[in-house]
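target.csv (CSV, C-alpha atoms)
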```
chain,number,residue,atom,x,y,z
F,25,MET,CA,-16.4,-3.6,10.1
F,26,ALA,CA,-18.6,-6.6,9.4
F,27,LYS,CA,-22.0,-6.1,7.9
F,28,LEU,CA,-23.7,-7.2,11.1
F,29,GLU,CA,-21.9,-4.7,13.2
F,30,ARG,CA,-22.7,-1.9,10.8
F,31,ALA,CA,-26.4,-3.0,10.9
F,32,LEU,CA,-26.4,-2.9,14.7
F,33,ARG,CA,-24.9,0.6,14.8
F,34,ALA,CA,-27.5,1.7,12.3
F,35,LEU,CA,-30.4,0.1,14.1
F,36,PRO,CA,-33.0,2.9,14.6
F,37,VAL,CA,-33.8,2.3,18.2
F,38,GLU,CA,-36.6,4.4,19.6
F,39,TRP,CA,-35.3,5.2,23.1
F,40,PRO,CA,-37.8,6.5,25.6
F,41,ALA,CA,-37.3,10.1,26.4
F,42,THR,CA,-34.7,10.6,29.1
F,43,PRO,CA,-36.3,12.0,32.2
F,44,ASP,CA,-34.6,15.0,33.8
F,45,VAL,CA,-33.1,13.1,36.7
F,46,ALA,CA,-30.7,16.0,37.5
F,47,ALA,CA,-33.7,18.3,38.0
F,48,ARG,CA,-35.4,15.7,40.2
F,49,LEU,CA,-32.3,15.4,42.3
F,50,GLU,CA,-32.0,19.2,42.5
F,51,LEU,CA,-35.6,19.4,43.9
F,52,GLN,CA,-34.7,16.9,46.6
F,53,ARG,CA,-31.6,18.8,47.4
F,54,ARG,CA,-33.8,21.8,48.2
F,55,GLY,CA,-35.7,19.6,50.5
F,56,HIS,CA,-34.3,17.5,53.3
F,57,ARG,CA,-31.9,15.2,51.5
F,58,ARG,CA,-29.4,18.0,50.5
F,59,LEU,CA,-28.1,16.1,47.6
F,60,VAL,CA,-24.8,17.3,46.3
F,61,ALA,CA,-25.2,19.6,43.4
F,62,ALA,CA,-21.9,18.5,42.0
F,63,VAL,CA,-23.5,15.1,41.3
F,64,VAL,CA,-26.4,16.9,39.6
F,65,VAL,CA,-23.8,18.9,37.5
F,66,ALA,CA,-21.9,15.8,36.7
F,67,ILE,CA,-24.9,13.9,35.5
F,68,ALA,CA,-26.4,16.8,33.6
F,69,THR,CA,-23.2,18.1,31.9
F,70,GLY,CA,-20.6,15.5,32.4
F,71,THR,CA,-18.0,18.1,33.4
F,72,ALA,CA,-17.9,18.3,37.2
F,73,PHE,CA,-15.3,15.6,37.6
F,74,ALA,CA,-13.4,16.2,34.5
F,75,VAL,CA,-10.4,17.3,36.6
F,76,PRO,CA,-6.8,16.5,35.9
F,77,ASP,CA,-4.7,14.6,38.3
F,78,SER,CA,-2.8,16.7,40.8
F,79,ARG,CA,0.4,15.1,39.6
F,80,GLY,CA,1.7,15.3,43.1
F,81,ALA,CA,1.5,13.5,46.3
F,82,ILE,CA,-1.5,14.3,48.4
F,83,LEU,CA,0.0,15.5,51.7
F,84,ARG,CA,-3.2,16.2,53.6
F,85,PHE,CA,-6.9,16.7,53.3
F,86,PHE,CA,-8.9,19.6,54.7
F,87,HIS,CA,-12.6,19.7,54.6
F,88,LEU,CA,-15.0,22.4,55.7
F,89,GLY,CA,-18.6,22.7,54.7
F,90,GLY,CA,-18.9,22.4,51.0
F,91,VAL,CA,-15.1,22.7,50.4
F,92,THR,CA,-12.5,20.0,50.2
F,93,VAL,CA,-8.9,21.0,49.9
F,94,GLU,CA,-6.2,18.5,49.0
F,95,HIS,CA,-2.7,19.8,50.0
F,96,VAL,CA,-0.3,18.6,47.4
F,97,ASP,CA,3.3,19.2,46.6
F,98,THR,CA,2.6,20.0,42.9
F,99,LEU,CA,-0.5,21.8,41.6
F,100,PRO,CA,-2.4,20.4,38.6
F,101,PRO,CA,-2.5,22.6,35.5
F,102,ALA,CA,-5.0,25.4,35.5
F,103,GLU,CA,-5.6,28.7,33.8
F,104,ALA,CA,-5.9,32.1,35.4
F,105,ARG,CA,-9.3,33.6,34.7
F,106,PRO,CA,-11.0,36.8,36.0
F,107,LEU,CA,-13.1,36.5,39.1
F,108,THR,CA,-16.1,37.5,37.1
F,109,ALA,CA,-15.8,34.6,34.6
F,110,GLY,CA,-18.5,32.0,34.6
F,111,LEU,CA,-20.6,33.2,37.5
F,112,GLY,CA,-23.8,32.0,36.0
F,113,SER,CA,-27.2,33.7,35.6
F,114,PRO,CA,-28.3,36.8,37.4
F,115,ILE,CA,-30.9,36.0,40.2
F,116,ASP,CA,-32.7,38.0,42.8
F,117,ASP,CA,-32.8,37.6,46.6
F,118,THR,CA,-35.8,35.4,46.6
F,119,ARG,CA,-34.2,32.9,44.2
F,120,ALA,CA,-30.9,33.0,46.1
F,121,GLN,CA,-32.7,32.1,49.3
F,122,ALA,CA,-34.5,29.2,47.6
F,123,VAL,CA,-31.2,27.9,46.3
F,124,LEU,CA,-29.2,28.3,49.5
F,125,GLY,CA,-32.0,27.5,52.0
F,126,ALA,CA,-31.1,30.8,53.8
F,127,PRO,CA,-30.9,34.4,52.8
F,128,PHE,CA,-27.7,35.5,51.0
F,129,LEU,CA,-25.4,37.5,53.3
F,130,PRO,CA,-24.7,40.3,53.6
F,131,SER,CA,-28.2,41.6,52.9
F,132,ASP,CA,-26.8,44.7,51.3
F,133,HIS,CA,-25.0,43.3,48.3
F,134,GLY,CA,-24.6,43.7,44.5
F,135,GLN,CA,-26.0,41.6,41.7
F,136,LEU,CA,-26.3,37.9,42.6
F,137,PHE,CA,-25.5,35.1,40.2
F,138,ASP,CA,-26.4,31.4,40.3
F,139,ARG,CA,-24.5,28.6,38.7
F,140,TYR,CA,-25.6,25.1,39.7
F,141,GLY,CA,-26.5,26.1,43.3
F,142,PHE,CA,-23.5,28.4,43.8
F,143,VAL,CA,-24.6,31.9,44.5
F,144,SER,CA,-22.0,34.6,44.0
F,145,THR,CA,-21.6,38.3,44.1
F,146,LEU,CA,-18.7,40.7,43.6
F,147,LEU,CA,-17.6,42.8,46.5
F,148,ALA,CA,-15.6,46.0,46.2
F,149,ILE,CA,-13.4,46.2,49.2
F,150,PRO,CA,-12.0,48.4,47.5
F,151,GLU,CA,-10.2,45.8,45.4
F,152,PRO,CA,-12.6,43.2,43.8
F,153,ALA,CA,-13.4,40.1,45.8
F,154,LEU,CA,-15.6,37.2,44.9
F,155,LEU,CA,-18.1,36.0,47.6
F,156,THR,CA,-19.7,32.6,46.9
F,157,GLU,CA,-22.2,30.9,49.1
F,158,LEU,CA,-23.4,27.3,48.8
F,159,GLY,CA,-26.0,25.3,50.7
F,160,SER,CA,-24.8,21.8,50.0
F,161,PRO,CA,-21.7,19.8,51.2
F,162,SER,CA,-18.8,18.7,49.1
F,163,LEU,CA,-19.2,21.0,46.1
F,164,ILE,CA,-15.8,22.7,45.6
F,165,LYS,CA,-12.6,20.9,45.3
F,166,LYS,CA,-9.3,22.6,45.6
F,167,PHE,CA,-5.6,21.6,45.3
F,168,ALA,CA,-3.3,23.8,47.3
F,169,SER,CA,0.5,23.8,47.7
F,170,GLY,CA,0.8,26.8,49.9
F,171,ASN,CA,-0.3,27.5,53.4
F,172,VAL,CA,-3.7,25.9,54.4
F,173,GLU,CA,-4.9,26.1,58.0
F,174,PHE,CA,-8.0,26.0,60.1
F,175,VAL,CA,-8.7,29.3,61.8
F,176,SER,CA,-11.2,30.7,64.2
F,177,ILE,CA,-13.0,33.7,62.7
F,178,ALA,CA,-15.5,34.4,65.5
F,179,PRO,CA,-16.8,32.5,68.5
F,180,GLY,CA,-18.2,29.3,67.1
F,181,VAL,CA,-17.2,30.0,63.5
F,182,THR,CA,-14.4,27.9,62.2
F,183,GLY,CA,-12.7,28.9,58.9
F,184,LEU,CA,-10.2,27.6,56.5
F,185,TRP,CA,-7.5,30.0,55.2
F,186,ILE,CA,-5.8,29.1,52.0
F,187,GLU,CA,-2.9,31.4,51.2
F,188,GLY,CA,-1.1,31.5,47.9
F,189,HIS,CA,-2.0,30.2,44.5
F,190,HIS,CA,-4.2,27.1,44.4
F,191,VAL,CA,-6.4,25.4,41.9
F,192,VAL,CA,-10.1,25.3,42.2
F,193,PHE,CA,-12.7,23.1,40.5
F,194,PHE,CA,-15.8,25.0,40.7
F,195,SER,CA,-19.3,24.2,39.5
F,196,GLY,CA,-18.3,22.1,36.6
F,197,ALA,CA,-16.0,24.7,35.1
F,198,SER,CA,-12.5,23.9,34.0
F,199,PRO,CA,-9.9,24.3,36.7
F,200,ARG,CA,-9.0,27.9,37.6
F,201,LEU,CA,-6.0,29.3,39.4
F,202,ALA,CA,-7.3,31.1,42.5
F,203,GLY,CA,-5.7,33.6,44.9
F,204,ASN,CA,-6.1,33.8,48.7
F,205,VAL,CA,-9.3,32.4,50.0
F,206,LEU,CA,-11.2,32.3,53.3
F,207,VAL,CA,-13.9,29.6,53.7
F,208,TRP,CA,-16.3,29.4,56.6
F,209,VAL,CA,-19.6,27.8,57.5
F,210,SER,CA,-22.5,29.5,59.2
F,211,GLY,CA,-26.2,28.4,59.4
F,212,GLY,CA,-25.7,25.5,57.1
F,213,VAL,CA,-24.3,27.7,54.4
F,214,THR,CA,-20.6,27.5,53.2
F,215,PHE,CA,-19.1,30.9,52.4
F,216,ARG,CA,-16.1,31.4,50.2
F,217,LEU,CA,-14.3,34.7,49.9
F,218,GLU,CA,-11.6,35.1,47.3
F,219,ALA,CA,-9.4,37.9,46.1
F,220,PRO,CA,-5.9,37.8,44.5
F,221,ALA,CA,-4.2,39.8,47.3
F,222,LEU,CA,-6.6,39.3,50.1
F,223,ALA,CA,-4.9,39.8,53.4
F,224,LYS,CA,-5.7,37.4,56.2
F,225,ALA,CA,-6.7,40.1,58.7
F,226,ARG,CA,-8.9,41.8,56.1
F,227,ALA,CA,-10.5,38.5,55.2
F,228,PHE,CA,-11.4,37.9,58.8
F,229,GLN,CA,-12.8,41.4,59.2
F,230,LEU,CA,-15.0,41.0,56.1
F,231,ALA,CA,-16.2,37.6,57.2
F,232,ARG,CA,-17.3,39.1,60.6
F,233,GLU,CA,-19.0,41.9,58.8
F,234,ILE,CA,-20.8,39.5,56.5
F,235,LEU,CA,-22.0,37.4,59.4
F,236,GLY,CA,-23.0,40.6,61.4
F,237,THR,CA,-20.6,39.8,64.2
F,238,GLY,CA,-17.9,42.4,63.3
B,18,MET,CA,-24.9,14.0,28.7
B,19,HIS,CA,-24.3,11.5,31.4
B,20,GLN,CA,-27.9,11.6,32.2
B,21,GLU,CA,-29.0,10.3,28.8
B,22,ILE,CA,-26.5,7.5,28.6
B,23,ALA,CA,-27.1,6.5,32.2
B,24,TYR,CA,-30.8,6.3,31.6
B,25,ARG,CA,-30.4,4.2,28.5
B,26,VAL,CA,-28.0,1.8,30.2
B,27,ALA,CA,-30.5,1.4,33.0
B,28,TYR,CA,-33.4,1.1,30.6
B,29,LEU,CA,-31.6,-1.8,28.8
B,30,ILE,CA,-31.3,-3.6,32.1
B,31,THR,CA,-34.4,-2.8,34.0
B,32,GLY,CA,-36.9,-1.2,31.6
B,33,GLU,CA,-39.5,1.0,33.3
B,34,GLU,CA,-37.5,1.3,36.6
B,35,ALA,CA,-34.6,3.0,34.8
B,36,GLU,CA,-35.4,6.4,36.2
B,37,ASP,CA,-35.4,5.2,39.8
B,38,ALA,CA,-32.2,3.2,39.2
B,39,VAL,CA,-30.4,6.3,37.9
B,40,GLN,CA,-31.6,8.4,40.8
B,41,ASP,CA,-30.5,5.8,43.3
B,42,ALA,CA,-27.2,5.6,41.5
B,43,ALA,CA,-26.7,9.4,41.8
B,44,LEU,CA,-27.4,9.2,45.5
B,45,LYS,CA,-24.8,6.4,45.8
B,46,VAL,CA,-22.3,8.6,43.8
B,47,TRP,CA,-22.8,11.3,46.3
B,48,ARG,CA,-22.1,9.0,49.2
B,49,ALA,CA,-19.0,7.7,47.4
B,50,LEU,CA,-17.6,11.0,46.3
B,51,VAL,CA,-14.9,10.9,49.0
B,52,ARG,CA,-13.6,7.8,47.3
B,53,PHE,CA,-13.6,9.4,43.8
B,54,VAL,CA,-10.0,9.8,42.6
B,55,PRO,CA,-9.5,13.1,40.7
B,56,GLY,CA,-8.3,12.4,37.2
B,57,ARG,CA,-10.1,9.2,36.9
B,58,PRO,CA,-12.8,9.2,34.2
B,59,PHE,CA,-16.2,9.9,35.8
B,60,ARG,CA,-18.4,8.2,33.3
B,61,PRO,CA,-17.3,4.6,33.6
B,62,TRP,CA,-17.4,4.9,37.4
B,63,PHE,CA,-20.9,6.4,37.3
B,64,LEU,CA,-22.2,3.8,34.7
B,65,ARG,CA,-20.9,1.0,36.8
B,66,ILE,CA,-23.0,2.3,39.7
B,67,VAL,CA,-26.0,2.8,37.5
B,68,ALA,CA,-25.7,-0.7,36.0
B,69,ASN,CA,-25.5,-2.2,39.5
B,70,GLU,CA,-28.5,-0.3,40.7
B,71,ALA,CA,-30.4,-1.4,37.6
B,72,ARG,CA,-29.5,-5.0,38.1
B,73,ASN,CA,-30.7,-4.9,41.7
B,74,ARG,CA,-34.0,-3.6,40.5
B,75,ARG,CA,-34.1,-6.1,37.7
B,76,ARG,CA,-33.7,-8.9,40.2
B,77,SER,CA,-36.7,-7.6,42.1
B,78,SER,CA,-38.9,-7.0,39.1
B,79,GLY,CA,-37.7,-9.8,36.9
B,80,ARG,CA,-38.5,-7.7,33.8
B,81,ARG,CA,-36.5,-6.1,31.0
B,82,ALA,CA,-38.0,-3.8,28.4
B,83,ALA,CA,-38.1,-4.7,24.8
B,84,LEU,CA,-36.4,-2.3,22.5
B,85,ALA,CA,-38.6,-0.5,20.0
B,86,LEU,CA,-37.7,0.9,16.6
B,87,ARG,CA,-38.4,4.2,15.1
B,88,ALA,CA,-41.2,4.1,12.5
B,89,ALA,CA,-39.1,5.8,9.8
B,90,GLY,CA,-35.4,5.3,8.9
B,91,GLY,CA,-33.6,2.0,9.0
B,92,LEU,CA,-30.7,0.4,7.4
B,93,VAL,CA,-30.6,2.2,4.1
B,94,SER,CA,-27.8,4.7,4.0
B,95,GLY,CA,-26.7,7.2,1.4
B,96,ASP,CA,-27.6,10.6,0.2
B,97,ALA,CA,-30.6,9.8,-1.8
B,98,ALA,CA,-33.9,9.1,-0.2
B,99,PRO,CA,-34.7,5.4,-0.4
B,100,SER,CA,-37.5,4.2,-2.6
B,101,PRO,CA,-40.7,3.1,-0.8
B,102,GLU,CA,-39.8,-0.5,-1.6
B,103,ALA,CA,-36.2,-0.1,-0.2
B,104,ALA,CA,-37.6,1.6,2.9
B,105,VAL,CA,-40.0,-1.3,3.5
B,106,LEU,CA,-37.2,-3.8,3.1
B,107,ALA,CA,-34.9,-1.8,5.4
B,108,ALA,CA,-37.6,-1.6,8.0
B,109,ASP,CA,-38.2,-5.4,7.7
B,110,GLU,CA,-34.5,-6.0,8.1
B,111,ALA,CA,-34.2,-3.7,11.1
B,112,GLU,CA,-37.1,-5.5,12.7
B,113,ARG,CA,-35.6,-8.9,12.1
B,114,LEU,CA,-32.3,-7.7,13.6
B,115,ARG,CA,-34.1,-6.2,16.6
B,116,ALA,CA,-36.0,-9.4,17.2
B,117,ALA,CA,-32.8,-11.4,17.0
B,118,LEU,CA,-31.1,-9.1,19.5
B,119,GLU,CA,-34.1,-9.4,21.8
B,120,SER,CA,-33.8,-13.2,21.7
B,121,LEU,CA,-30.3,-13.2,23.1
B,122,PRO,CA,-29.6,-13.9,26.8
B,123,ASP,CA,-29.3,-10.8,29.0
B,124,ASP,CA,-25.5,-10.7,29.0
B,125,ALA,CA,-25.1,-11.0,25.3
B,126,ARG,CA,-27.8,-8.5,24.5
B,127,LEU,CA,-26.4,-6.0,26.9
B,128,ALA,CA,-22.8,-6.4,25.6
B,129,LEU,CA,-23.9,-5.7,22.0
B,130,ALA,CA,-26.3,-2.9,23.0
B,131,CYS,CA,-23.5,-1.1,24.9
B,132,ARG,CA,-20.9,-1.4,22.2
B,133,TYR,CA,-23.1,-0.9,19.1
B,134,LEU,CA,-26.4,0.9,20.1
B,135,LEU,CA,-25.0,3.1,22.8
B,136,GLU,CA,-21.5,3.2,21.3
B,137,LEU,CA,-19.8,3.0,24.7
B,138,SER,CA,-16.0,2.5,24.9
B,139,GLU,CA,-14.6,-0.8,26.0
B,140,ALA,CA,-13.9,0.6,29.4
B,141,GLU,CA,-17.4,1.9,29.8
B,142,THR,CA,-18.8,-1.4,28.5
B,143,ALA,CA,-16.7,-3.3,31.0
B,144,ALA,CA,-18.0,-1.1,33.8
B,145,VAL,CA,-21.6,-1.7,32.8
B,146,LEU,CA,-21.1,-5.5,32.4
B,147,GLY,CA,-19.1,-5.7,35.6
B,148,VAL,CA,-16.2,-7.4,33.9
B,149,ARG,CA,-12.6,-6.7,33.2
B,150,ARG,CA,-11.8,-4.6,30.1
B,151,GLY,CA,-10.1,-7.5,28.5
B,152,THR,CA,-13.2,-9.6,28.8
B,153,VAL,CA,-15.3,-7.2,26.8
B,154,LYS,CA,-13.9,-8.2,23.4
B,155,SER,CA,-14.4,-11.9,23.9
B,156,ARG,CA,-17.9,-11.4,25.2
B,157,VAL,CA,-18.9,-9.1,22.4
B,158,SER,CA,-17.4,-11.5,19.9
B,159,ARG,CA,-19.4,-14.4,21.3
B,160,ALA,CA,-22.5,-12.3,21.4
B,161,LEU,CA,-22.1,-11.4,17.7
B,162,GLU,CA,-21.7,-15.1,16.8
B,163,ARG,CA,-24.9,-15.9,18.6
B,164,LEU,CA,-26.6,-13.0,16.9
B,165,ARG,CA,-25.5,-14.2,13.5
B,166,GLU,CA,-27.0,-17.6,14.2
B,167,GLU,CA,-30.3,-16.0,15.4
B,168,HIS,CA,-30.4,-13.4,12.6
B,169,GLY,CA,-29.4,-15.8,9.8
```

Go through the file and emit its structure as structure tokens.
Amino acid sequence: MAKLERALRALPVEWPATPDVAARLELQRRGHRRLVAAVVVAIATGTAFAVPDSRGAILRFFHLGGVTVEHVDTLPPAEARPLTAGLGSPIDDTRAQAVLGAPFLPSDHGQLFDRYGFVSTLLAIPEPALLTELGSPSLIKKFASGNVEFVSIAPGVTGLWIEGHHVVFFSGASPRLAGNVLVWVSGGVTFRLEAPALAKARAFQLAREILGTG
Amino acid sequence: MHQEIAYRVAYLITGEEAEDAVQDAALKVWRALVRFVPGRPFRPWFLRIVANEARNRRRSSGRRAALALRAAGGLVSGDAAPSPEAAVLAADEAERLRAALESLPDDARLALACRYLLELSEAETAAVLGVRRGTVKSRVSRALERLREEHG
């Protein structure tokens, strides 16, 4: 490398302190603008969009609330991790309401966790299931190769049923292999219920119980 | 991570309005998310939007911020601490180089700053400059020539 180039690289520039733009955006998200937390995550950590190509043709898009599903013929690589992995920091109900813009449902729940605006808890039904709620749009991206369909969970409540293994890109974490999932939206909050062997009828029943319509 | 590099890119272009430029860029990223192709590197895409926002603001304000140097440090490298005389010489040399860099036209200064101060890749530099990747080398090469002339 030439001397001048080395000198440029070594130039001791005093950069101004970087303002916390991600935090400023997050504050706006909690106001009216509902900025996508995924962007905040991407800017702050550089990981949210570090997703591999699906390596397969995209057959169809599904979008509901904060979840986008791309139906592909071949799933991208992902690892199987426990439902409890990477849930984030424990939070209380007050903090959860501030994050979601609405109370976490059901009101009778276990420990809540927050990771970049995703509030989660584990349900025992009796097998473990992960319930995640988010208050912003376009936060979770999934690739699915199995059955994906829009469903009606209760009057006025549309859901998205994803059956079989699919790959989820969740709150800036590396891709994870997920089991059966039911997604629905109510009161501006997107709900996502996941369990490895979750039956469709059981998922519907739980969703209605969570919403208080069951 | 992206936050710091995005802010510095915006600062190079538009100075004090960098924070607003990055925030507006993040809003644009949100609106453009549906067009984001999974598997495509996020950082060049984001930096292109940041640079465009910063350029828009620069056109309005007409200002760019001058780079400052840290008081200590400089061009002396090695394990041993430099002597006071060497430190003074290094600081003088660094200041001369900074002044020469500042004297360059916007495009040349930005190209060199991206490649050598921020150590961006060619793809990222191309995104910031708004040029094709193949153009980056020639633009940086010309900018270095110009800097040599200015720096002596």

Which polymer residues have any atom within 6 Å of an atom of Leu154 in chain F, counting only C-alpha atoms, with same-chain residues fewer than 5 positions away left out, as a ChimeraX atom specification?
/F:146,217-218

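Proximity to chain F was assessed for B:Arg149, B:His168, B:Arg159, B:Arg81 counting only C-alpha atoms; the smallest distance is recorded for B:His168.
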
Between B:Leu106, B:Ile30, B:Leu134, B:Leu164, which has the minimum distance to chain F (counting all atoms listed in the file)?
B:Leu134
